Each structure stands twice: as structure tokens, then as C-alpha cells.
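Asker: Input structure39.tsv, format and content: TSV, C-alpha atoms and all ligand atoms.
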chain	number	residue	atom	x	y	z
U	1	MET	CA	27.21	-7.24	12.47
U	2	GLY	CA	29.18	-10.17	13.78
U	3	LEU	CA	32.83	-11.09	13.56
U	4	PHE	CA	32.20	-13.56	10.75
U	5	ASP	CA	30.38	-10.94	8.70
U	6	PHE	CA	33.27	-8.63	9.36
U	7	LEU	CA	35.79	-11.20	8.18
U	8	ARG	CA	33.66	-11.97	5.15
U	9	GLY	CA	33.71	-8.27	4.29
U	10	SER	CA	30.68	-6.23	5.17
U	11	PRO	CA	27.77	-6.41	2.73
U	12	LYS	CA	26.92	-3.25	0.79
U	13	GLN	CA	24.48	-0.99	2.52
U	14	THR	CA	21.78	-1.03	-0.07
U	15	ALA	CA	18.98	0.85	1.71
U	16	SER	CA	20.41	4.24	0.76
U	17	ILE	CA	20.66	3.16	-2.88
U	18	ALA	CA	17.01	2.09	-2.78
U	19	LYS	CA	15.99	5.40	-1.27
U	20	GLU	CA	17.84	7.45	-3.87
U	21	ARG	CA	16.42	5.43	-6.78
U	22	LEU	CA	12.91	5.75	-5.39
U	23	ARG	CA	13.25	9.47	-4.79
U	24	ILE	CA	14.01	9.98	-8.47
U	25	ILE	CA	11.48	7.59	-9.99
U	26	VAL	CA	8.65	8.70	-7.70
U	27	ALA	CA	9.28	12.36	-8.52
U	28	GLN	CA	9.33	11.50	-12.22
U	29	GLU	CA	6.13	9.46	-12.06
U	30	ARG	CA	4.34	12.11	-10.04
U	31	SER	CA	5.12	14.77	-12.57
U	32	ALA	CA	3.98	12.50	-15.41
U	33	ARG	CA	0.64	12.02	-13.65
U	34	GLY	CA	-2.06	14.20	-15.10
U	35	SER	CA	0.31	15.52	-17.76
U	36	PRO	CA	-0.50	15.13	-21.47
U	37	ASP	CA	-0.48	11.60	-22.95
U	38	TYR	CA	1.85	12.63	-25.76
U	39	LEU	CA	4.82	13.18	-23.42
U	40	PRO	CA	6.34	9.68	-23.65
U	41	LEU	CA	6.19	9.74	-27.45
U	42	LEU	CA	7.53	13.29	-27.60
U	43	ARG	CA	10.37	12.21	-25.35
U	44	ARG	CA	11.21	9.25	-27.60
U	45	GLU	CA	11.17	11.32	-30.78
U	46	LEU	CA	13.26	14.07	-29.23
U	47	LEU	CA	15.75	11.47	-28.12
U	48	GLU	CA	16.03	10.19	-31.70
U	49	VAL	CA	16.60	13.68	-33.09
U	50	ILE	CA	19.18	14.55	-30.45
U	51	ARG	CA	20.99	11.30	-31.10
U	52	LYS	CA	21.59	12.32	-34.71
U	53	TYR	CA	23.95	14.94	-33.32
U	54	VAL	CA	25.10	13.80	-29.89
U	55	ASN	CA	25.41	10.32	-28.51
U	56	VAL	CA	23.35	10.67	-25.35
U	57	ASP	CA	21.89	7.76	-23.44
U	58	GLN	CA	18.27	6.85	-22.67
U	59	GLU	CA	18.09	8.79	-19.43
U	60	ALA	CA	19.54	12.00	-20.87
U	61	VAL	CA	16.23	13.54	-21.90
U	62	ASP	CA	13.89	14.66	-19.16
U	63	ILE	CA	10.60	16.34	-20.01
U	64	GLN	CA	8.21	17.78	-17.48
U	65	VAL	CA	5.14	19.92	-17.68
U	66	LYS	CA	5.38	22.58	-15.02
U	67	ARG	CA	2.98	25.25	-13.89
U	68	ASP	CA	4.15	28.81	-14.02
U	69	GLY	CA	1.45	31.12	-12.73
U	70	ASP	CA	-1.56	30.33	-14.90
U	71	HIS	CA	0.21	28.83	-17.87
U	72	GLU	CA	2.02	25.54	-18.39
U	73	VAL	CA	5.65	25.28	-19.38
U	74	LEU	CA	7.29	22.37	-21.13
U	75	ASP	CA	10.53	21.92	-19.27
U	76	LEU	CA	13.11	20.04	-21.29
U	77	THR	CA	16.50	19.02	-19.93
U	78	VAL	CA	19.10	17.23	-22.02
U	79	THR	CA	22.16	16.03	-20.20
U	80	LEU	CA	25.14	15.89	-22.55
U	81	PRO	CA	27.78	13.23	-22.08
U	82	ASP	CA	31.08	14.38	-20.61
U	83	LYS	CA	33.87	15.25	-23.06
U	84	SER	CA	35.90	12.05	-22.82
U	85	SER	CA	33.00	9.66	-23.38
U	86	ALA	CA	31.65	11.91	-26.18
U	87	ALA	CA	35.04	11.79	-27.88
U	88	ALA	CA	35.19	8.04	-27.49
U	89	ALA	CA	31.71	7.72	-28.96
U	90	ALA	CA	32.62	9.98	-31.87
U	91	ALA	CA	35.76	7.95	-32.53
U	92	ALA	CA	33.73	4.75	-32.43
U	93	ALA	CA	31.17	6.24	-34.83
U	94	ALA	CA	33.97	7.33	-37.19
U	95	ARG	CA	35.45	3.82	-37.16
U	96	GLU	CA	32.09	2.29	-38.00
U	97	GLY	CA	31.93	5.02	-40.64
W	98	MET	CA	-21.77	8.77	10.65
W	99	THR	CA	-20.29	5.77	8.92
W	100	GLU	CA	-16.66	5.95	7.88
W	101	PHE	CA	-15.48	3.87	4.94
W	102	ILE	CA	-11.84	2.81	5.27
W	103	VAL	CA	-9.98	1.16	2.40
W	104	VAL	CA	-6.90	-0.94	3.11
W	105	THR	CA	-4.95	-0.95	-0.13
W	106	SER	CA	-1.40	-1.21	-1.54
W	107	GLY	CA	-1.02	-1.83	-5.26
W	108	LYS	CA	1.57	-4.55	-4.73
W	109	GLY	CA	0.37	-7.97	-3.60
W	110	GLY	CA	1.27	-9.84	-0.45
W	111	VAL	CA	2.32	-6.83	1.61
W	112	GLY	CA	-0.14	-7.40	4.47
W	113	LYS	CA	-3.49	-5.85	3.48
W	114	THR	CA	-5.66	-8.72	4.69
W	115	THR	CA	-3.63	-9.15	7.89
W	116	SER	CA	-4.01	-5.40	8.51
W	117	SER	CA	-7.71	-5.24	7.60
W	118	ALA	CA	-8.50	-8.00	10.08
W	119	SER	CA	-6.51	-6.43	12.91
W	120	VAL	CA	-7.82	-2.91	12.30
W	121	ALA	CA	-11.40	-4.18	12.21
W	122	VAL	CA	-10.92	-6.14	15.45
W	123	GLY	CA	-9.13	-3.19	17.10
W	124	LEU	CA	-12.04	-0.88	16.31
W	125	ALA	CA	-14.58	-3.45	17.49
W	126	LYS	CA	-12.61	-3.97	20.70
W	127	ARG	CA	-13.13	-0.28	21.38
W	128	GLY	CA	-16.87	-0.68	21.09
W	129	LYS	CA	-17.35	0.50	17.50
W	130	LYS	CA	-19.83	-1.23	15.24
W	131	VAL	CA	-17.66	-2.58	12.43
W	132	ALA	CA	-18.05	-4.47	9.16
W	133	VAL	CA	-15.03	-5.77	7.28
W	134	ILE	CA	-15.50	-6.62	3.60
W	135	ASP	CA	-13.30	-8.82	1.41
W	136	PHE	CA	-13.10	-7.22	-2.05
W	137	ASP	CA	-10.75	-9.91	-3.36
W	138	VAL	CA	-13.34	-11.69	-5.49
W	139	GLY	CA	-12.13	-15.10	-6.61
W	140	LEU	CA	-9.47	-15.28	-3.89
W	141	ARG	CA	-11.39	-15.24	-0.62
W	142	ASN	CA	-8.99	-15.08	2.36
W	143	LEU	CA	-10.24	-12.63	4.94
W	144	ASP	CA	-12.62	-15.28	6.32
W	145	LEU	CA	-9.63	-17.52	7.14
W	146	ILE	CA	-7.69	-14.74	8.84
W	147	MET	CA	-10.81	-13.79	10.83
W	148	GLY	CA	-11.44	-17.46	11.67
W	149	CYS	CA	-14.98	-17.63	10.28
W	150	GLU	CA	-14.37	-19.64	7.07
W	151	ARG	CA	-16.79	-22.42	7.99
W	152	ARG	CA	-19.65	-20.05	8.57
W	153	VAL	CA	-19.69	-18.46	5.12
W	154	VAL	CA	-23.05	-19.17	3.50
W	155	TYR	CA	-23.60	-16.12	1.37
W	156	ASP	CA	-20.99	-13.65	0.16
W	157	PHE	CA	-20.53	-10.06	-1.02
W	158	VAL	CA	-21.35	-10.92	-4.65
W	159	ASN	CA	-24.56	-12.68	-3.60
W	160	VAL	CA	-25.66	-9.48	-1.86
W	161	ILE	CA	-24.73	-7.34	-4.85
W	162	HIS	CA	-26.71	-9.60	-7.18
W	163	GLN	CA	-29.60	-9.64	-4.68
W	164	GLU	CA	-29.44	-13.40	-4.23
W	165	CYS	CA	-29.70	-12.87	-0.47
W	166	THR	CA	-30.11	-9.99	1.96
W	167	LEU	CA	-27.19	-8.15	3.50
W	168	LYS	CA	-28.22	-9.47	6.93
W	169	GLN	CA	-28.00	-13.06	5.70
W	170	ALA	CA	-24.49	-12.53	4.35
W	171	LEU	CA	-22.98	-10.66	7.31
W	172	ILE	CA	-21.14	-13.13	9.54
W	173	LYS	CA	-21.14	-12.12	13.17
W	174	ASP	CA	-17.74	-12.49	14.82
W	175	LYS	CA	-17.62	-15.00	17.68
W	176	ARG	CA	-15.50	-12.70	19.85
W	177	TYR	CA	-17.26	-9.37	19.32
W	178	ASP	CA	-21.00	-9.01	18.71
W	179	ASN	CA	-20.44	-5.62	17.10
W	180	LEU	CA	-18.05	-7.01	14.43
W	181	HIS	CA	-19.25	-8.48	11.14
W	182	VAL	CA	-17.47	-10.05	8.19
W	183	LEU	CA	-18.65	-9.98	4.58
W	184	ALA	CA	-16.74	-12.65	2.66
W	185	ALA	CA	-15.65	-12.51	-0.98
W	186	SER	CA	-17.05	-14.89	-3.50
W	187	GLN	CA	-14.73	-17.73	-4.47
W	188	THR	CA	-16.51	-18.75	-7.60
W	189	ARG	CA	-17.29	-15.55	-9.45
W	190	ASP	CA	-14.98	-13.53	-11.61
W	191	LYS	CA	-13.82	-10.03	-10.81
W	192	GLU	CA	-16.45	-8.51	-13.07
W	193	ALA	CA	-19.10	-9.66	-10.63
W	194	LEU	CA	-18.61	-6.45	-8.63
W	195	THR	CA	-20.37	-3.36	-9.96
W	196	LYS	CA	-20.06	0.22	-8.85
W	197	ASP	CA	-23.81	0.57	-8.29
W	198	GLY	CA	-23.94	-2.72	-6.42
W	199	VAL	CA	-21.06	-1.79	-4.12
W	200	GLU	CA	-22.60	1.60	-3.46
W	201	ARG	CA	-25.94	0.00	-2.57
W	202	VAL	CA	-24.31	-2.37	-0.06
W	203	LEU	CA	-22.27	0.42	1.51
W	204	ASN	CA	-25.36	2.62	1.81
W	205	GLU	CA	-27.21	-0.21	3.46
W	206	LEU	CA	-24.40	-0.62	6.00
W	207	LYS	CA	-24.64	3.09	6.66
W	208	ASP	CA	-28.40	2.77	7.25
W	209	GLU	CA	-27.72	-0.11	9.65
W	210	GLY	CA	-25.70	2.28	11.80
W	211	PHE	CA	-22.21	0.85	11.31
W	212	ASP	CA	-19.47	3.18	12.59
W	213	TYR	CA	-16.73	1.76	10.37
W	214	VAL	CA	-16.66	-0.29	7.20
W	215	VAL	CA	-13.18	-1.66	6.48
W	216	CYS	CA	-12.64	-2.61	2.82
W	217	ASP	CA	-9.85	-5.15	2.23
W	218	SER	CA	-8.66	-4.40	-1.31
W	219	PRO	CA	-7.20	-6.94	-3.70
W	220	ALA	CA	-3.72	-6.27	-5.09
W	221	GLY	CA	-3.30	-4.44	-8.38
W	222	ILE	CA	-5.20	-1.53	-9.83
W	223	GLU	CA	-7.97	-3.45	-11.58
W	224	LYS	CA	-11.68	-3.29	-10.93
W	225	GLY	CA	-11.72	-4.86	-7.45
W	226	ALA	CA	-9.05	-2.50	-6.16
W	227	PHE	CA	-10.74	0.45	-7.85
W	228	LEU	CA	-14.13	-0.33	-6.26
W	229	ALA	CA	-12.60	-0.97	-2.84
W	230	MET	CA	-11.18	2.56	-2.82
W	231	TYR	CA	-13.84	4.42	-4.78
W	232	PHE	CA	-16.21	5.27	-1.90
W	233	ALA	CA	-13.53	5.62	0.79
W	234	ASP	CA	-13.36	8.41	3.36
W	235	ARG	CA	-10.02	7.20	4.65
W	236	ALA	CA	-7.25	5.10	3.14
W	237	ILE	CA	-4.67	2.95	4.84
W	238	VAL	CA	-1.91	2.33	2.31
W	239	VAL	CA	0.01	-0.76	3.37
W	240	VAL	CA	3.64	-0.64	2.34
W	241	ASN	CA	6.73	-2.77	2.91
W	242	PRO	CA	10.12	-1.03	3.11
W	243	GLU	CA	11.10	-2.33	-0.30
W	244	VAL	CA	11.43	-0.60	-3.70
W	245	SER	CA	8.53	-2.07	-5.66
W	246	SER	CA	6.09	-1.76	-2.77
W	247	VAL	CA	6.98	1.89	-2.19
W	248	ARG	CA	6.68	2.75	-5.85
W	249	ASP	CA	3.31	0.99	-6.13
W	250	SER	CA	1.96	2.80	-3.08
W	251	ASP	CA	2.79	6.11	-4.66
W	252	ARG	CA	0.79	5.02	-7.69
W	253	ILE	CA	-2.11	4.16	-5.37
W	254	LEU	CA	-1.84	7.55	-3.64
W	255	GLY	CA	-2.21	9.12	-7.07
W	256	LEU	CA	-5.35	7.09	-7.79
W	257	LEU	CA	-6.82	7.91	-4.38
W	258	SER	CA	-6.61	11.58	-5.17
W	259	SER	CA	-8.00	11.32	-8.70
W	260	LYS	CA	-10.13	8.23	-9.32
W	261	THR	CA	-12.38	8.19	-6.27
W	262	ARG	CA	-15.79	9.61	-5.44
W	263	ARG	CA	-14.33	12.29	-3.20
W	264	ALA	CA	-11.92	13.36	-5.94
W	265	GLU	CA	-14.57	13.34	-8.64
W	266	THR	CA	-17.14	15.31	-6.67
W	267	GLY	CA	-14.60	17.79	-5.33
W	268	ALA	CA	-15.41	16.84	-1.73
W	269	GLU	CA	-12.84	16.89	1.08
W	270	PRO	CA	-9.99	14.62	-0.04
W	271	ILE	CA	-9.63	11.10	1.35
W	272	VAL	CA	-7.57	11.01	4.56
W	273	GLN	CA	-4.44	9.04	3.70
W	274	HIS	CA	-2.15	7.08	6.00
W	275	LEU	CA	0.81	4.81	5.47
W	276	LEU	CA	1.00	1.57	7.39
W	277	LEU	CA	4.52	0.20	7.20
W	278	THR	CA	4.49	-3.57	7.66
W	279	ARG	CA	7.06	-6.38	7.80
W	280	TYR	CA	9.53	-3.89	9.25
W	281	ASN	CA	12.80	-5.45	10.33
W	282	PRO	CA	14.69	-3.10	12.69
W	283	THR	CA	17.80	-5.26	12.64
W	284	ARG	CA	18.07	-4.97	8.88
W	285	VAL	CA	17.29	-1.26	9.02
W	286	ALA	CA	20.12	-0.80	11.52
W	287	ALA	CA	22.45	-2.74	9.20
W	288	GLY	CA	21.54	-0.45	6.32
W	289	ASP	CA	19.90	-3.23	4.28
W	290	MET	CA	16.33	-2.02	4.64
W	291	MET	CA	14.83	1.44	4.25
W	292	SER	CA	13.76	3.05	7.50
W	293	ILE	CA	10.41	4.59	8.44
W	294	ASP	CA	11.96	8.01	7.84
W	295	ASP	CA	13.15	7.03	4.36
W	296	VAL	CA	9.69	5.82	3.34
W	297	LYS	CA	7.99	8.83	4.89
W	298	GLU	CA	10.34	11.16	3.06
W	299	ILE	CA	9.82	9.50	-0.32
W	300	LEU	CA	6.03	9.30	-0.11
W	301	GLY	CA	5.46	12.45	1.91
W	302	ILE	CA	2.50	11.26	3.96
W	303	GLU	CA	1.95	10.55	7.60
W	304	VAL	CA	2.68	7.09	9.05
W	305	LEU	CA	-0.13	5.50	11.04
W	306	GLY	CA	1.98	2.68	12.35
W	307	VAL	CA	4.97	0.42	11.87
W	308	ILE	CA	4.30	-3.29	12.18
W	309	PRO	CA	7.43	-5.34	12.76
W	310	GLU	CA	8.10	-8.54	10.84
W	311	SER	CA	6.92	-11.09	13.34
W	312	GLU	CA	6.41	-14.82	13.75
W	313	GLY	CA	3.20	-14.01	15.56
W	314	VAL	CA	1.53	-13.11	12.26
W	315	LEU	CA	1.86	-16.61	10.82
W	316	ALA	CA	0.74	-18.15	14.11
W	317	ALA	CA	-2.27	-15.82	14.13
W	318	SER	CA	-3.34	-16.74	10.62
W	319	ASN	CA	-2.81	-20.42	11.40
W	320	ALA	CA	-5.21	-20.08	14.30
W	321	GLY	CA	-7.70	-17.73	12.64
W	322	VAL	CA	-7.24	-15.18	15.40
W	323	PRO	CA	-6.21	-11.73	14.12
W	324	VAL	CA	-2.74	-10.91	15.46
W	325	ILE	CA	-3.98	-7.81	17.31
W	326	LEU	CA	-5.52	-10.23	19.81
W	327	ASP	CA	-2.16	-11.85	20.54
W	328	GLU	CA	-0.92	-10.19	23.72
W	329	THR	CA	2.52	-11.75	23.29
W	330	SER	CA	3.21	-10.46	19.80
W	331	ASN	CA	4.94	-7.17	19.00
W	332	ALA	CA	3.00	-7.03	15.73
W	333	GLY	CA	-0.22	-7.26	17.75
W	334	HIS	CA	0.80	-4.37	20.00
W	335	ALA	CA	1.87	-2.32	16.99
W	336	TYR	CA	-1.55	-2.85	15.37
W	337	ASP	CA	-3.24	-1.81	18.60
W	338	ASP	CA	-1.21	1.41	18.62
W	339	ALA	CA	-2.15	2.05	14.99
W	340	VAL	CA	-5.87	1.67	15.73
W	341	ALA	CA	-5.55	4.00	18.73
W	342	ARG	CA	-3.89	6.60	16.48
W	343	LEU	CA	-6.64	6.15	13.91
W	344	LEU	CA	-9.07	7.21	16.63
W	345	GLY	CA	-7.00	10.25	17.50
W	346	ASP	CA	-4.73	9.02	20.30
W	347	VAL	CA	-1.13	10.13	20.27
W	348	ARG	CA	1.20	7.20	20.79
W	349	PRO	CA	4.95	6.99	20.20
W	350	MET	CA	6.12	4.43	17.63
W	351	ARG	CA	7.41	1.24	19.20
W	352	PHE	CA	9.57	-1.63	17.96
W	353	LEU	CA	11.73	0.57	15.73
W	354	GLU	CA	14.97	-0.46	17.42
W	355	ALA	CA	16.78	-3.71	16.83
W	356	PRO	CA	16.53	-6.00	19.85
W	357	LYS	CA	19.66	-5.78	21.99
W	358	LYS	CA	21.97	-8.70	21.44
W	359	GLY	CA	24.20	-10.44	23.88
W	360	ILE	CA	27.98	-10.29	23.50
W	361	LEU	CA	28.12	-13.75	21.88
W	362	SER	CA	25.61	-13.08	19.16
W	363	ARG	CA	27.23	-9.71	18.56
W	364	LEU	CA	30.53	-11.46	18.02
W	365	PHE	CA	29.25	-14.25	15.87
W	366	GLY	CA	26.36	-12.58	14.08
W	367	SER	CA	22.83	-13.90	13.94
U	401	LIG	N1	4.18	-8.21	10.08
U	401	LIG	C1	4.31	-9.39	9.46
U	401	LIG	N2	5.26	-10.28	9.87
U	401	LIG	C2	5.40	-11.46	9.25
U	401	LIG	N3	4.62	-11.90	8.25
U	401	LIG	C3	3.66	-11.08	7.79
U	401	LIG	C4	3.44	-9.78	8.36
U	401	LIG	N4	2.41	-9.20	7.71
U	401	LIG	C5	2.00	-10.08	6.78
U	401	LIG	N5	2.73	-11.21	6.82
U	401	LIG	C6	2.60	-12.41	5.97
U	401	LIG	O1	2.66	-12.00	4.62
U	401	LIG	C7	1.78	-12.76	3.82
U	401	LIG	C8	0.84	-11.86	3.04
U	401	LIG	O2	-0.02	-11.19	3.97
U	401	LIG	P1	-1.48	-10.75	3.56
U	401	LIG	O3	-2.26	-11.90	3.02
U	401	LIG	O4	-2.06	-10.00	4.69
U	401	LIG	O5	-1.13	-9.77	2.36
U	401	LIG	P2	-2.12	-9.13	1.30
U	401	LIG	O6	-1.56	-7.79	0.98
U	401	LIG	O7	-3.53	-9.19	1.76
U	401	LIG	O8	-1.93	-10.11	0.06
U	401	LIG	P3	-2.81	-10.11	-1.31
U	401	LIG	O9	-2.26	-8.97	-2.12
U	401	LIG	O10	-2.49	-11.43	-1.90
U	401	LIG	O11	-4.24	-9.92	-0.91
U	401	LIG	C9	1.06	-13.70	4.74
U	401	LIG	O12	1.69	-14.95	4.70
U	401	LIG	C10	1.23	-13.07	6.11
U	401	LIG	O13	1.24	-14.03	7.13
U	402	MG	MG	-5.32	-9.94	0.80
Starting from the coordinates I provided, produce the structure as C-alpha cells.
Ligand SMILES: Nc1ncnc2c1ncn2[C@@H]1O[C@H](COP(=O)(O)OP(=O)(O)OP(=O)(O)O)[C@@H](O)[C@H]1O
Ligand SMILES: [Mg+2]
Answerer:
Amino acid sequence: MGLFDFLRGSPKQTASIAKERLRIIVAQERSARGSPDYLPLLRRELLEVIRKYVNVDQEAVDIQVKRDGDHEVLDLTVTLPDKSSAAAAAAAAAREG
Amino acid sequence: MTEFIVVTSGKGGVGKTTSSASVAVGLAKRGKKVAVIDFDVGLRNLDLIMGCERRVVYDFVNVIHQECTLKQALIKDKRYDNLHVLAASQTRDKEALTKDGVERVLNELKDEGFDYVVCDSPAGIEKGAFLAMYFADRAIVVVNPEVSSVRDSDRILGLLSSKTRRAETGAEPIVQHLLLTRYNPTRVAAGDMMSIDDVKEILGIEVLGVIPESEGVLAASNAGVPVILDETSNAGHAYDDAVARLLGDVRPMRFLEAPKKGILSRLFGS
């Protein structure tokens, strides 16, 4: 990087961001491969049900079919929002009433 | 034994045709009997990169539809007698390729004693790309160090291990390699471009070669001389290394480091 770049302020190093995003999406797409077709719909419907109770965002529900010995397991992870943003969301919901 | 090699990627414009031409020439240079086939029906380009565009009389689709013999359609390379090009049709639609037809042509090439048949796949995952990979023994997945290209290649790796003859018949799986092209070591060093190790780690397969981004590639396609024949181009040398590795040689990767800069350009940037 040259002096002018330095004076301009160095650009963000984006390669590591790209790598991290790819690591996640590739793992997700690999596990979806060969898994049942109903997974995306199941995921959407689960998301709707969960959202009746907790205000989670799109990425909060992760479903994967995993092998455990000779049977398959539906592995469901729901990431709940942290307390402060949940409280804010609840307050917002109450205001909208 | 004939080996069918598909050069594929998912994403368009990453360097499949450039790589197909150089791999085919590299194999021919080493005395192998090689055919290189353009599967990009409707968008013929391999003939230009190989420099034989004015000698195309019959094409791949003509052979499939038995409008000519395979011999009539194979264009003999001017540089190597043991290298032949089968051009894509420019006029027909993608549906002109059929699985049975492709299989018949490939079998005929096998009977003719070809050592290698290099299949230059079109972009995407439609019929042309599917047929280019279906009969493959080996796959070269061309990838640029860039998010959409990497993601698409993983998709292609999935298809190679499920939607191909070897997968369907439960034979030995297709041998898979990554060929990283348009690599810019300066940008990698600056942290703006993913490195060979990053891509290898994400996709989890072996890297056959790293082809640097190079002006020589444009010059080579301008001239119709595959870049592997350009002694002055780093990209040419990198392709030569890749072909040597394909044949079992062990060669260290070259051109992974940013070229050293003088004090002035270091001060003022490039
Ligand atoms: N190593 C490289 N350095 C610089 N330019 C390159 C390099 N490799 C390929 N290119 C350029 O990138 C462009 C696309 O290359 P090419 O036609 O080989 O890609 P492709 O994957 O076959 O494309 P398509 O998907 O359209 O068939 C061309 O202009 C080519 O000259
Ligand atoms: Mg092409």
C-alpha cells in the first residue's frame, strides 16, 4: 500500500469477510443437498410460528438433517434475540398494540 | 484408455474456454492424442481461442445429428498433428445436444484411440453443462477468488458427485480438481482478494493450479494462440505446471507472491 492510500485511510480488508460468508453459506447449501424437499417450507412455517411468540429475524432458524448412526435426525436451532433488542421489540409491539 | 475431462464452473466468464484450450494444447505438446470439444452450443468460441475459426465446416451438432462423420468435423490443429478441435454449432439451440448423441461421439473418439477428450462446458447448470460433465472421468472446476464463483463451484461439485454417469452407476467417483484463475497476488497480499488457501479451505478439494491474472491471456486470444504457448507469460507457465500436475508431476505453485515493487511505487502506490 502506498503513502497516498495510507493518507486516504486504508481500504477495508474484505477478503476475510468474503471467506467467512462463504464458509457459512457453503456449509448450509451442502447440508441442504440431498435432504428432503420440504425443508425450506418447514423452515418458513416454523419461523412464522416462532414469530408469534418471539421476534426473531430471518436467519434465526436453522434446520439440518443429520445422520446419527443409521437414522436421520432433524436438527433445529433457533437463535433468540439478546435481551435488550427483545425488550425493544416487545415495547415496539406494545406501542403498535 | 481414453480419459474424458470436463472443464466446468457454474459461473460464466471465469476462464473455462481459456483453460480448456491451454490444457488441450499442454497435453498435445506432451505427445498425447487429444480432442477438445466446445459444448457451448449457440455461442461458439473455442475455435477462436484455438485459432481455427476459419476452418470450421462441420460442428459437434452436425456429428450428433449424423449430418457428417466425426472425421469430417474434427479440425486438426496446425501446430500439433495429434490435437483436434470439435467446434460448437452457432446456429442451433441448446436442445440440439442429446445424451445418446454425446455418448455416441465420445465412444467414437475412444475407438479412434484418443488419450484425452477435453470438454469445454458452457456456463450455468442447464443441458449443455450437464452433458459436458455427464460422462467425465475427471473434472477441472475453474474458479475465480470471488464469492459468487466460489459458491457456484461448490454447486457444481455437488452435481459432479450426484448427476453424472459415474455417480449414477456407482463407479469410482470423478476425480475433481480446482483451477484457480485470474489470481491477483497483489490484491491477495492487500487483503482484498481471497487466497488459494482460503478457497481450498472453503471448497475442500485439491488445487491443480493457480493462473495469475495476466495481460498475456488477452493477447493470446487476440492472436488465436492458446496462452500456454506464450513463453513470456506467467499465465502460460502456470498452465504448463497445471498440465504437468494433471499427468502426475509434482510441481510447486508459482506466481503466488506479489511482484516486488521499487521504493517509489511502494511510496506512491500503484
Ligand atoms: N488469467 C487470466 N488473466 C486475464 N484475463 C483472463 C484470464 N483468464 C481468462 N481471462 C479473460 O476472461 C474472459 C473470459 O474467459 P473465458 O472465455 O475463458 O471464460 P469462460 O468461462 O469460458 O466464459 P463462458 O462462461 O462465457 O464460456 C476472457 O476475456 C479472457 O480473456
Ligand atoms: Mg467458454
Asker: Can you pull out every residue within 7 Å of Val131 (chain W), counting all atoms listed in the file, but drop anything in the same chain fewer than 5 positions away, and send it as a list in words?
Answerer: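 Result of the neighbour search: Ala121, Ala125, Asn179, Leu180, His181, Phe211, Asp212, Tyr213 and Val214 of chain W.
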Asker: Within 7 Å of ligand LIG 401 (chain U) (counting all atoms listed in the file), which residues show up? I'd like them as a VMD selection string.
Answerer: chain W and resid 108 to 116 137 219 to 220 278 to 280 308 to 312 314 to 315 318 332
Asker: When you look at Lys196 (chain W) with a cut-off of 9 Å (counting all atoms listed in the file), what residues show up, excluding the ones that are within fewer than 5 positions of it in the same chain? I need them as a VMD selection string.
Answerer: chain W and resid 201 228 231
Asker: Next, the residues of the selection above should be written as a short mmCIF file (atom, residue, chain, number, x, y, z; two decimals), keeping the file's coordinate frame with C-alpha atoms.
Answerer:
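Below is the file that was written, result_32.cif:
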data_model
loop_
_atom_site.label_atom_id
_atom_site.label_comp_id
_atom_site.auth_asym_id
_atom_site.auth_seq_id
_atom_site.Cartn_x
_atom_site.Cartn_y
_atom_site.Cartn_z
CA ARG W 201 -25.94 0.00 -2.57
CA LEU W 228 -14.13 -0.33 -6.26
CA TYR W 231 -13.84 4.42 -4.78
#
Asker: Near region 287-300 of chain W, within 12 Å and counting all atoms listed in the file, which residues show up once chain neighbours fewer than 6 positions away are dropped, as a ChimeraX atom specification?
Answerer: /U:1-2,5,10-27,29-30 /W:238-244,246-255,273-281,306-309,350-355,366
Asker: Can you tell me, as a PyMOL selection string, what residues are no more than 8 Å from Met230 (chain W) when counting only C-alpha atoms, ignoring any on the same chain fewer than 2 positions away?
Answerer: chain W and resi 103+105+216+218+226-228+232-233+236+257+261
Asker: Could you pull the residues within 8 Å of region 139-154 of chain W, counting all atoms listed in the file, minus those fewer than 2 positions along the same chain, as a PyMOL selection string?
Answerer: chain W and resi 114-115+118+135+137+156+170+172+174+182+184-191+217+317-323
Asker: Taking all atoms listed in the file into account, which of W:Ile102, W:Leu194, W:Leu305, W:Val138 comes nearest ligand MG 402 (chain U)?
Answerer: W:Val138
Asker: What is the CA of Lys126 (chain W) to CA of Ile237 (chain W) distance in Å?
Answerer: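 For CA of Lys126 (chain W) relative to CA of Ile237 (chain W), the distance reads 19.0 Å.
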Asker: For CA of Glu164 (chain W) and CA of Ala193 (chain W), determine how far apart the two atoms are, in Å to one decimal place.
Answerer: 12.7 Å
Asker: Which is closer to chain W than all the others in U:Arg33, U:Gln28, U:Val78, U:Leu41, using all atoms listed in the file?
Answerer: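 Under the stated criterion, the closest residue is U:Arg33.
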Asker: So, counting all atoms listed in the file, which residue among W:Ala264, W:Val215, W:Val272, W:Leu256 is closest to chain U?
Answerer: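 For chain U, the nearest of the given residues is W:Leu256.
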Asker: Counting all atoms listed in the file, which residue out of W:Ala286, W:Val158, W:Ile271, W:Met98 sits closest to chain U?
Answerer: W:Ala286
Asker: In Å, rounded to a single decimal, give me how far CA of Glu328 (chain W) is from CA of Phe101 (chain W).
Answerer: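 It comes out at 27.6 Å.
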Asker: Give as a ChimeraX atom specification each residue that has an atom at most 9 Å from (17.8, 18.4, -18.7) in the file, counting all atoms listed in the file.
Answerer: /U:60-63,75-80
Asker: For the residues in that selection, give me C-alpha atoms as a PDB file, keeping the file's coordinate frame.
Answerer:
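Okay, selection15.pdb is ready:
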ATOM      1  CA  ALA U  60      19.540  12.000 -20.870  1.00  0.00           C
ATOM      2  CA  VAL U  61      16.230  13.540 -21.900  1.00  0.00           C
ATOM      3  CA  ASP U  62      13.890  14.660 -19.160  1.00  0.00           C
ATOM      4  CA  ILE U  63      10.600  16.340 -20.010  1.00  0.00           C
ATOM      5  CA  ASP U  75      10.530  21.920 -19.270  1.00  0.00           C
ATOM      6  CA  LEU U  76      13.110  20.040 -21.290  1.00  0.00           C
ATOM      7  CA  THR U  77      16.500  19.020 -19.930  1.00  0.00           C
ATOM      8  CA  VAL U  78      19.100  17.230 -22.020  1.00  0.00           C
ATOM      9  CA  THR U  79      22.160  16.030 -20.200  1.00  0.00           C
ATOM     10  CA  LEU U  80      25.140  15.890 -22.550  1.00  0.00           C
TER      11      LEU U  80
END
Asker: Kindly indicate which residue among W:Gly313, W:Pro282, W:Gly107, W:Pro349 lies nearest to ligand MG 402 (chain U), using all atoms listed in the file for the distances.
Answerer: W:Gly107
